[in-house]
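Q: Have a peek at data.csv (CSV, C-alpha atoms).
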chain,number,residue,atom,x,y,z
A,53,MET,CA,85.9,-91.0,-32.3
A,54,THR,CA,88.9,-88.7,-31.6
A,55,ARG,CA,88.6,-85.2,-30.1
A,56,ILE,CA,91.2,-82.6,-31.2
A,57,HIS,CA,91.5,-79.2,-29.6
A,58,LEU,CA,92.4,-76.0,-31.3
A,59,ILE,CA,92.7,-72.2,-31.1
A,60,ILE,CA,89.7,-69.9,-30.9
A,61,PRO,CA,88.8,-68.9,-34.4
A,62,ILE,CA,88.6,-65.4,-35.8
A,63,VAL,CA,84.9,-64.3,-35.8
A,64,LEU,CA,83.7,-61.1,-37.4
A,65,VAL,CA,80.2,-59.8,-37.8
A,66,LEU,CA,79.7,-58.0,-41.2
A,67,PHE,CA,76.7,-55.6,-41.4
A,68,THR,CA,74.9,-54.8,-44.6
A,69,THR,CA,71.7,-52.9,-45.3
A,70,ASN,CA,69.3,-55.8,-44.6
A,71,LEU,CA,71.3,-58.6,-43.0
A,72,PHE,CA,74.4,-59.5,-41.1
A,73,ALA,CA,76.8,-62.3,-41.8
A,74,GLN,CA,79.2,-64.1,-39.5
A,75,LEU,CA,82.7,-64.7,-40.9
A,76,VAL,CA,84.5,-67.7,-39.3
A,77,LYS,CA,88.1,-68.8,-40.1
A,78,PRO,CA,88.8,-71.8,-37.8
A,79,GLU,CA,92.3,-72.8,-36.9
A,80,LEU,CA,93.1,-76.2,-38.4
A,81,PRO,CA,92.9,-79.2,-36.1
A,82,GLY,CA,95.8,-79.8,-33.7
A,83,ALA,CA,96.7,-76.2,-33.2
A,84,SER,CA,95.9,-75.8,-29.5
A,85,ASP,CA,93.5,-76.9,-26.7
A,86,LYS,CA,90.8,-74.3,-26.5
A,87,GLN,CA,88.2,-75.5,-28.9
A,88,GLU,CA,87.3,-78.8,-30.6
A,89,TRP,CA,87.1,-80.7,-33.8
A,90,VAL,CA,85.8,-84.3,-33.8
A,91,VAL,CA,87.5,-86.8,-36.0
A,92,TYR,CA,85.6,-89.9,-37.4
A,93,ASN,CA,87.4,-92.8,-39.0
A,94,ARG,CA,90.6,-91.0,-39.9
A,95,GLU,CA,93.9,-89.7,-38.5
A,96,ILE,CA,95.3,-86.3,-39.1
A,97,ALA,CA,98.8,-85.2,-40.1
A,98,CYS,CA,99.6,-81.5,-39.7
A,99,ILE,CA,101.8,-79.9,-42.3
A,100,MET,CA,103.7,-77.1,-40.6
A,101,ALA,CA,104.7,-73.8,-42.0
A,102,GLU,CA,107.2,-71.2,-40.6
A,103,LEU,CA,106.9,-70.1,-37.0
A,104,GLY,CA,105.0,-73.3,-36.0
A,105,LYS,CA,101.8,-72.4,-37.8
A,106,ILE,CA,99.8,-75.3,-39.3
A,107,GLU,CA,99.6,-74.7,-43.0
A,108,SER,CA,97.4,-77.6,-44.0
A,109,ILE,CA,96.2,-81.0,-42.8
A,110,LEU,CA,96.4,-84.4,-44.4
A,111,LEU,CA,93.7,-87.0,-43.6
A,112,ASN,CA,95.0,-90.6,-44.0
A,113,SER,CA,93.2,-93.2,-46.1
A,114,ASN,CA,91.0,-95.8,-44.6
A,115,GLU,CA,88.0,-98.0,-45.4
A,116,GLY,CA,84.8,-96.1,-45.3
A,117,ASP,CA,84.1,-92.4,-45.3
A,118,GLY,CA,86.0,-90.0,-42.9
A,119,LEU,CA,84.9,-86.8,-41.3
A,120,VAL,CA,86.6,-84.0,-39.3
A,121,VAL,CA,83.8,-81.9,-37.8
A,122,TYR,CA,84.1,-78.3,-36.5
A,123,GLN,CA,82.1,-78.2,-33.3
A,124,ASN,CA,81.7,-74.5,-32.7
A,125,LEU,CA,79.4,-73.3,-35.4
A,126,GLU,CA,75.8,-74.2,-36.4
A,127,PHE,CA,75.5,-73.6,-40.2
A,128,GLU,CA,72.3,-73.2,-42.2
A,129,ASN,CA,72.9,-70.9,-45.1
A,130,GLY,CA,76.0,-69.1,-46.4
A,131,THR,CA,79.3,-69.7,-48.1
A,132,ILE,CA,82.1,-72.3,-47.4
A,133,GLU,CA,85.5,-71.8,-49.0
A,134,VAL,CA,88.4,-74.2,-48.8
A,135,ASP,CA,91.6,-75.3,-50.7
A,136,LEU,CA,91.8,-79.0,-51.4
A,137,LYS,CA,94.4,-81.3,-52.8
A,138,GLY,CA,93.8,-84.9,-54.0
A,139,LYS,CA,95.6,-87.1,-56.4
A,140,ASP,CA,95.3,-88.6,-59.9
A,141,VAL,CA,94.8,-92.2,-58.7
A,142,LEU,CA,91.7,-94.0,-59.9
A,143,GLN,CA,89.1,-94.6,-57.1
A,144,ARG,CA,91.5,-93.4,-54.4
A,145,SER,CA,90.8,-89.6,-54.3
A,146,PHE,CA,87.4,-88.4,-53.0
A,147,LEU,CA,87.5,-85.3,-50.9
A,148,GLY,CA,85.3,-82.3,-50.1
A,149,ILE,CA,83.2,-80.5,-47.5
A,150,ALA,CA,80.3,-81.9,-45.5
A,151,PHE,CA,77.7,-79.5,-44.1
A,152,HIS,CA,74.4,-79.7,-42.2
A,153,ILE,CA,76.1,-82.5,-40.3
A,154,GLN,CA,73.8,-84.2,-37.8
A,155,ASP,CA,76.2,-87.0,-36.9
A,156,GLU,CA,78.9,-89.1,-38.6
A,157,ASN,CA,76.3,-90.8,-40.8
A,158,SER,CA,73.9,-88.0,-41.6
A,159,TYR,CA,74.9,-84.9,-43.6
A,160,ASN,CA,74.9,-83.1,-46.9
A,161,ALA,CA,78.2,-82.9,-48.7
A,162,VAL,CA,79.9,-81.7,-51.9
A,163,TYR,CA,83.0,-83.6,-53.0
A,164,PHE,CA,85.4,-84.0,-55.9
A,165,ARG,CA,87.0,-86.9,-57.8
A,166,PRO,CA,90.3,-85.4,-59.0
A,167,PHE,CA,91.2,-88.6,-60.9
A,168,ASN,CA,88.3,-87.7,-63.2
A,169,PHE,CA,89.2,-84.1,-63.9
A,170,LYS,CA,91.2,-84.6,-67.1
A,171,LYS,CA,89.6,-87.9,-68.3
A,172,PRO,CA,87.1,-86.9,-71.0
A,173,GLU,CA,85.2,-90.2,-70.6
A,174,ARG,CA,84.7,-89.7,-66.8
A,175,ALA,CA,84.8,-85.9,-66.5
A,176,GLY,CA,81.1,-85.7,-65.9
A,177,HIS,CA,81.7,-87.4,-62.5
A,178,SER,CA,84.2,-84.8,-61.3
A,179,VAL,CA,82.1,-83.0,-58.7
A,180,GLN,CA,79.2,-84.6,-56.7
A,181,TYR,CA,76.5,-83.6,-54.3
A,182,ILE,CA,75.3,-86.3,-51.8
A,183,SER,CA,73.0,-86.5,-48.8
A,184,HIS,CA,73.7,-89.3,-46.4
A,185,PRO,CA,72.4,-91.7,-45.4
A,186,GLU,CA,69.5,-91.8,-47.9
A,187,PHE,CA,71.0,-90.3,-51.0
A,188,ALA,CA,74.5,-91.7,-51.5
A,189,TRP,CA,76.2,-91.2,-54.8
A,190,HIS,CA,75.2,-94.5,-56.3
A,191,LYS,CA,71.5,-93.9,-55.5
A,192,LEU,CA,71.6,-90.4,-57.0
A,193,ARG,CA,73.4,-91.7,-60.1
A,194,SER,CA,70.9,-94.5,-60.5
A,195,ASP,CA,67.7,-92.6,-59.8
A,196,PHE,CA,68.7,-89.1,-61.1
A,197,PRO,CA,71.4,-89.6,-63.7
A,198,GLU,CA,73.5,-86.6,-64.5
A,199,GLN,CA,71.6,-84.3,-62.1
A,200,PHE,CA,73.9,-84.3,-59.0
A,201,GLU,CA,77.3,-84.6,-60.6
A,202,ASN,CA,79.1,-82.6,-63.3
A,203,PRO,CA,82.5,-81.7,-64.8
A,204,VAL,CA,84.5,-78.9,-63.2
A,205,THR,CA,85.4,-75.7,-64.9
A,206,PRO,CA,88.1,-74.6,-65.0
A,207,ILE,CA,89.9,-78.0,-64.8
A,208,PRO,CA,92.4,-78.1,-62.0
A,209,ASP,CA,95.6,-80.1,-61.9
A,210,PRO,CA,94.4,-83.3,-60.2
A,211,ASN,CA,97.6,-83.6,-58.2
A,212,ASP,CA,97.7,-79.9,-57.0
A,213,TRP,CA,95.8,-77.5,-54.8
A,214,PHE,CA,92.5,-76.1,-56.1
A,215,HIS,CA,90.0,-73.8,-54.5
A,216,ALA,CA,86.3,-74.6,-54.0
A,217,LYS,CA,83.5,-72.2,-53.0
A,218,ILE,CA,80.2,-73.8,-51.9
A,219,GLU,CA,77.2,-71.5,-51.7
A,220,VAL,CA,74.3,-72.8,-49.6
A,221,SER,CA,70.8,-71.2,-49.7
A,222,TRP,CA,68.3,-73.7,-48.8
A,223,PRO,CA,67.3,-75.8,-50.7
A,224,ASN,CA,69.9,-74.8,-53.3
A,225,VAL,CA,73.6,-75.4,-53.4
A,226,LYS,CA,76.1,-74.1,-55.9
A,227,VAL,CA,79.8,-75.1,-56.3
A,228,TYR,CA,82.4,-72.9,-57.9
A,229,VAL,CA,86.0,-74.0,-58.7
A,230,ASP,CA,89.0,-71.6,-58.5
A,231,ASP,CA,88.0,-68.2,-59.9
A,232,ALA,CA,85.0,-69.4,-62.1
A,233,GLU,CA,82.1,-67.0,-62.3
A,234,GLU,CA,79.7,-69.8,-63.3
A,235,PRO,CA,79.1,-72.8,-61.0
A,236,SER,CA,80.4,-76.2,-61.9
A,237,LEU,CA,77.4,-77.7,-60.0
A,238,ALA,CA,74.0,-76.2,-59.0
A,239,VAL,CA,71.4,-78.5,-57.5
A,240,LYS,CA,68.5,-78.7,-55.0
A,241,MET,CA,69.4,-80.6,-51.9
A,242,LYS,CA,67.7,-83.9,-51.0
A,243,SER,CA,68.0,-83.9,-47.3
A,244,ALA,CA,65.2,-83.1,-44.7
A,245,PHE,CA,67.7,-81.4,-42.4
A,246,GLN,CA,68.5,-77.8,-43.1
A,247,THR,CA,71.1,-76.9,-40.5
A,248,GLY,CA,74.1,-78.5,-38.8
A,249,LYS,CA,77.9,-78.5,-38.4
A,250,VAL,CA,80.6,-78.2,-41.1
A,251,GLY,CA,83.6,-80.4,-41.7
A,252,PHE,CA,86.2,-81.9,-44.0
A,253,TRP,CA,85.1,-85.1,-45.8
A,254,VAL,CA,87.0,-87.9,-47.5
A,255,GLY,CA,85.6,-91.0,-49.1
A,256,ASN,CA,86.2,-94.7,-49.0
A,257,GLY,CA,89.8,-95.6,-49.4
A,258,SER,CA,90.8,-92.0,-49.9
A,259,ASP,CA,93.2,-89.5,-48.2
A,260,GLY,CA,93.1,-85.8,-48.8
A,261,SER,CA,94.6,-82.4,-47.9
A,262,PHE,CA,92.8,-79.2,-46.8
A,263,ARG,CA,93.7,-75.6,-45.9
A,264,ASN,CA,92.3,-72.1,-45.7
A,265,LEU,CA,88.8,-73.0,-44.5
A,266,THR,CA,86.5,-69.9,-44.4
A,267,ILE,CA,82.8,-70.0,-43.5
A,268,VAL,CA,80.4,-67.1,-43.9
A,269,LYS,CA,77.2,-67.8,-42.1
A,270,LYS,CA,74.1,-65.8,-43.2
Is it possible to give me this structure as structure tokens?
A:
Amino acid sequence: MTRIHLIIPIVLVLFTTNLFAQLVKPELPGASDKQEWVVYNREIACIMAELGKIESILLNSNEGDGLVVYQNLEFENGTIEVDLKGKDVLQRSFLGIAFHIQDENSYNAVYFRPFNFKKPERAGHSVQYISHPEFAWHKLRSDFPEQFENPVTPIPDPNDWFHAKIEVSWPNVKVYVDDAEEPSLAVKMKSAFQTGKVGFWVGNGSDGSFRNLTIVKK
């Protein structure tokens, strides 16, 4: 387990008629030494922009799943948005967002398989919900075929950045890609836990890039 420190995030409180929401835009890992991310089973490369600002991060590939967990927010319901970039390499590009993280082995997650985006015979396996440890992808596919994975609409370039929005309202989760008005995936979660931390996720043998993480906690 590796601890990485970073800058205090921007936190705003948004008031509406009946509720308030907390908007959090964490600085990416490696930026400073004031707050923490925790890294499991991966190493991070920071991609720098002008003026020394971290523009994106790249998680390396490794055997097993990898997590980079933001420590300073407990998330139950709300919206998580992020830009992701994988690659069109079969079985070597699994990346997404984990949420309701209890520890490195227990969490909900939504992830993408970019190598399936433009393959008609595999497009139905492009976006996936999982709940570890009990409901990994293979158990869900076996016990609940075609219920927890779907094609993505619109179809992104599998080698380029795309945007994902994950709406969580227990027990429901919806996943939108780019500017779509309709979700690519809408399911009821399988986990017993309903709150936890948020982090970047990559799957077995996969690397992946991330930027522009925004969390709205309701």
Q: Select, from A:Asn124, A:Gln154, A:Asn160, A:Ser261, the residue with the minimum atom-to-atom distance to Trp222 of chain A, counting all atoms listed in the file.
A: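 Closest residue, counting all atoms listed in the file: A:Asn160.
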Q: Skip segment 167-173 of chain A itself and residues of its chain fewer than 2 positions away, then list as a PyMOL selection string all residues within 10 Å of it, counting all atoms listed in the file.
A: chain A and resi 138-146+164-165+175-179+203-211
Q: Using the selection just defined, write its residues with C-alpha atoms as a tab-separated table (two decimals), in the frame of the given file.
A:
chain	number	residue	atom	x	y	z
A	138	GLY	CA	93.80	-84.90	-54.00
A	139	LYS	CA	95.60	-87.10	-56.40
A	140	ASP	CA	95.30	-88.60	-59.90
A	141	VAL	CA	94.80	-92.20	-58.70
A	142	LEU	CA	91.70	-94.00	-59.90
A	143	GLN	CA	89.10	-94.60	-57.10
A	144	ARG	CA	91.50	-93.40	-54.40
A	145	SER	CA	90.80	-89.60	-54.30
A	146	PHE	CA	87.40	-88.40	-53.00
A	164	PHE	CA	85.40	-84.00	-55.90
A	165	ARG	CA	87.00	-86.90	-57.80
A	175	ALA	CA	84.80	-85.90	-66.50
A	176	GLY	CA	81.10	-85.70	-65.90
A	177	HIS	CA	81.70	-87.40	-62.50
A	178	SER	CA	84.20	-84.80	-61.30
A	179	VAL	CA	82.10	-83.00	-58.70
A	203	PRO	CA	82.50	-81.70	-64.80
A	204	VAL	CA	84.50	-78.90	-63.20
A	205	THR	CA	85.40	-75.70	-64.90
A	206	PRO	CA	88.10	-74.60	-65.00
A	207	ILE	CA	89.90	-78.00	-64.80
A	208	PRO	CA	92.40	-78.10	-62.00
A	209	ASP	CA	95.60	-80.10	-61.90
A	210	PRO	CA	94.40	-83.30	-60.20
A	211	ASN	CA	97.60	-83.60	-58.20
Q: My list of candidates is A:Val225, A:Pro235, A:Leu192, A:Gly130. Which is closest to Phe72 of chain A when distances are computed with all atoms listed in the file?
A: A:Gly130
Q: What's the separation between atom CA of Ala232 of chain A and atom CA of Leu147 of chain A, in Å to one decimal place?
A: 19.6 Å
Q: Quick one: pull the distance between atom CA of Ile106 of chain A and atom CA of Leu265 of chain A, Å, one decimal.
A: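 Atom-to-atom, atom CA of Ile106 of chain A and atom CA of Leu265 of chain A are spaced 12.4 Å apart.
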Q: At what distance in Å, to one decimal, does atom CA of Val90 of chain A lie from atom CA of Lys269 of chain A?
A: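 Taking atom CA of Lys269 of chain A as the start and atom CA of Val90 of chain A as the end point, the length is 20.4 Å.
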Q: Under the rule that all atoms listed in the file are counted, which of A:Val121, A:Val227, A:Leu136, A:Val220 is the nearest residue to Lys270 of chain A?
A: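 Of all the options, A:Val220 lies closest to Lys270 of chain A.
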Q: Could you list, as a list in words, every residue within 10 Å of Lys105 of chain A, counting all atoms listed in the file and ignoring same-chain residues fewer than 5 positions away?
A: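 Residues meeting the cut-off are Glu79, Leu80, Ala83, Cys98, Ile99 and Met100 of chain A.
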Q: So that I have them on file, write out the residues from the current selection with C-alpha atoms, as a CSV table (one decimal), keeping the file's coordinate frame.
A:
chain,number,residue,atom,x,y,z
A,79,GLU,CA,92.3,-72.8,-36.9
A,80,LEU,CA,93.1,-76.2,-38.4
A,83,ALA,CA,96.7,-76.2,-33.2
A,98,CYS,CA,99.6,-81.5,-39.7
A,99,ILE,CA,101.8,-79.9,-42.3
A,100,MET,CA,103.7,-77.1,-40.6
Q: Distance cut-off 10 Å, centre (78.4, -83.2, -36.7) in file coordinates, counting all atoms listed in the file: which residues qualify? Return them as a PDB file with C-alpha atoms, in the frame of the given file.
A:
ATOM      1  CA  TRP A  89      87.100 -80.700 -33.800  1.00  0.00           C
ATOM      2  CA  VAL A  90      85.800 -84.300 -33.800  1.00  0.00           C
ATOM      3  CA  VAL A  91      87.500 -86.800 -36.000  1.00  0.00           C
ATOM      4  CA  TYR A  92      85.600 -89.900 -37.400  1.00  0.00           C
ATOM      5  CA  LEU A 119      84.900 -86.800 -41.300  1.00  0.00           C
ATOM      6  CA  VAL A 120      86.600 -84.000 -39.300  1.00  0.00           C
ATOM      7  CA  VAL A 121      83.800 -81.900 -37.800  1.00  0.00           C
ATOM      8  CA  TYR A 122      84.100 -78.300 -36.500  1.00  0.00           C
ATOM      9  CA  GLN A 123      82.100 -78.200 -33.300  1.00  0.00           C
ATOM     10  CA  GLU A 126      75.800 -74.200 -36.400  1.00  0.00           C
ATOM     11  CA  ALA A 150      80.300 -81.900 -45.500  1.00  0.00           C
ATOM     12  CA  PHE A 151      77.700 -79.500 -44.100  1.00  0.00           C
ATOM     13  CA  HIS A 152      74.400 -79.700 -42.200  1.00  0.00           C
ATOM     14  CA  ILE A 153      76.100 -82.500 -40.300  1.00  0.00           C
ATOM     15  CA  GLN A 154      73.800 -84.200 -37.800  1.00  0.00           C
ATOM     16  CA  ASP A 155      76.200 -87.000 -36.900  1.00  0.00           C
ATOM     17  CA  GLU A 156      78.900 -89.100 -38.600  1.00  0.00           C
ATOM     18  CA  ASN A 157      76.300 -90.800 -40.800  1.00  0.00           C
ATOM     19  CA  SER A 158      73.900 -88.000 -41.600  1.00  0.00           C
ATOM     20  CA  TYR A 159      74.900 -84.900 -43.600  1.00  0.00           C
ATOM     21  CA  GLY A 248      74.100 -78.500 -38.800  1.00  0.00           C
ATOM     22  CA  LYS A 249      77.900 -78.500 -38.400  1.00  0.00           C
ATOM     23  CA  VAL A 250      80.600 -78.200 -41.100  1.00  0.00           C
ATOM     24  CA  GLY A 251      83.600 -80.400 -41.700  1.00  0.00           C
TER      25      GLY A 251
END
Q: Residues around (71.0, -80.4, -53.0), cut-off 10 Å, counting all atoms listed in the file - what are they as a compact mmCIF listing (two decimals) with C-alpha atoms, in the frame of the given file?
A:
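Output file selection08.txt follows:
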# COMPACT_ATOMS: atom_id res chain seq x y z
CA ASN A 160 74.90 -83.10 -46.90
CA ALA A 161 78.20 -82.90 -48.70
CA VAL A 162 79.90 -81.70 -51.90
CA GLN A 180 79.20 -84.60 -56.70
CA TYR A 181 76.50 -83.60 -54.30
CA ILE A 182 75.30 -86.30 -51.80
CA SER A 183 73.00 -86.50 -48.80
CA GLN A 199 71.60 -84.30 -62.10
CA PHE A 200 73.90 -84.30 -59.00
CA VAL A 220 74.30 -72.80 -49.60
CA SER A 221 70.80 -71.20 -49.70
CA TRP A 222 68.30 -73.70 -48.80
CA PRO A 223 67.30 -75.80 -50.70
CA ASN A 224 69.90 -74.80 -53.30
CA VAL A 225 73.60 -75.40 -53.40
CA LYS A 226 76.10 -74.10 -55.90
CA LEU A 237 77.40 -77.70 -60.00
CA ALA A 238 74.00 -76.20 -59.00
CA VAL A 239 71.40 -78.50 -57.50
CA LYS A 240 68.50 -78.70 -55.00
CA MET A 241 69.40 -80.60 -51.90
CA LYS A 242 67.70 -83.90 -51.00
CA SER A 243 68.00 -83.90 -47.30
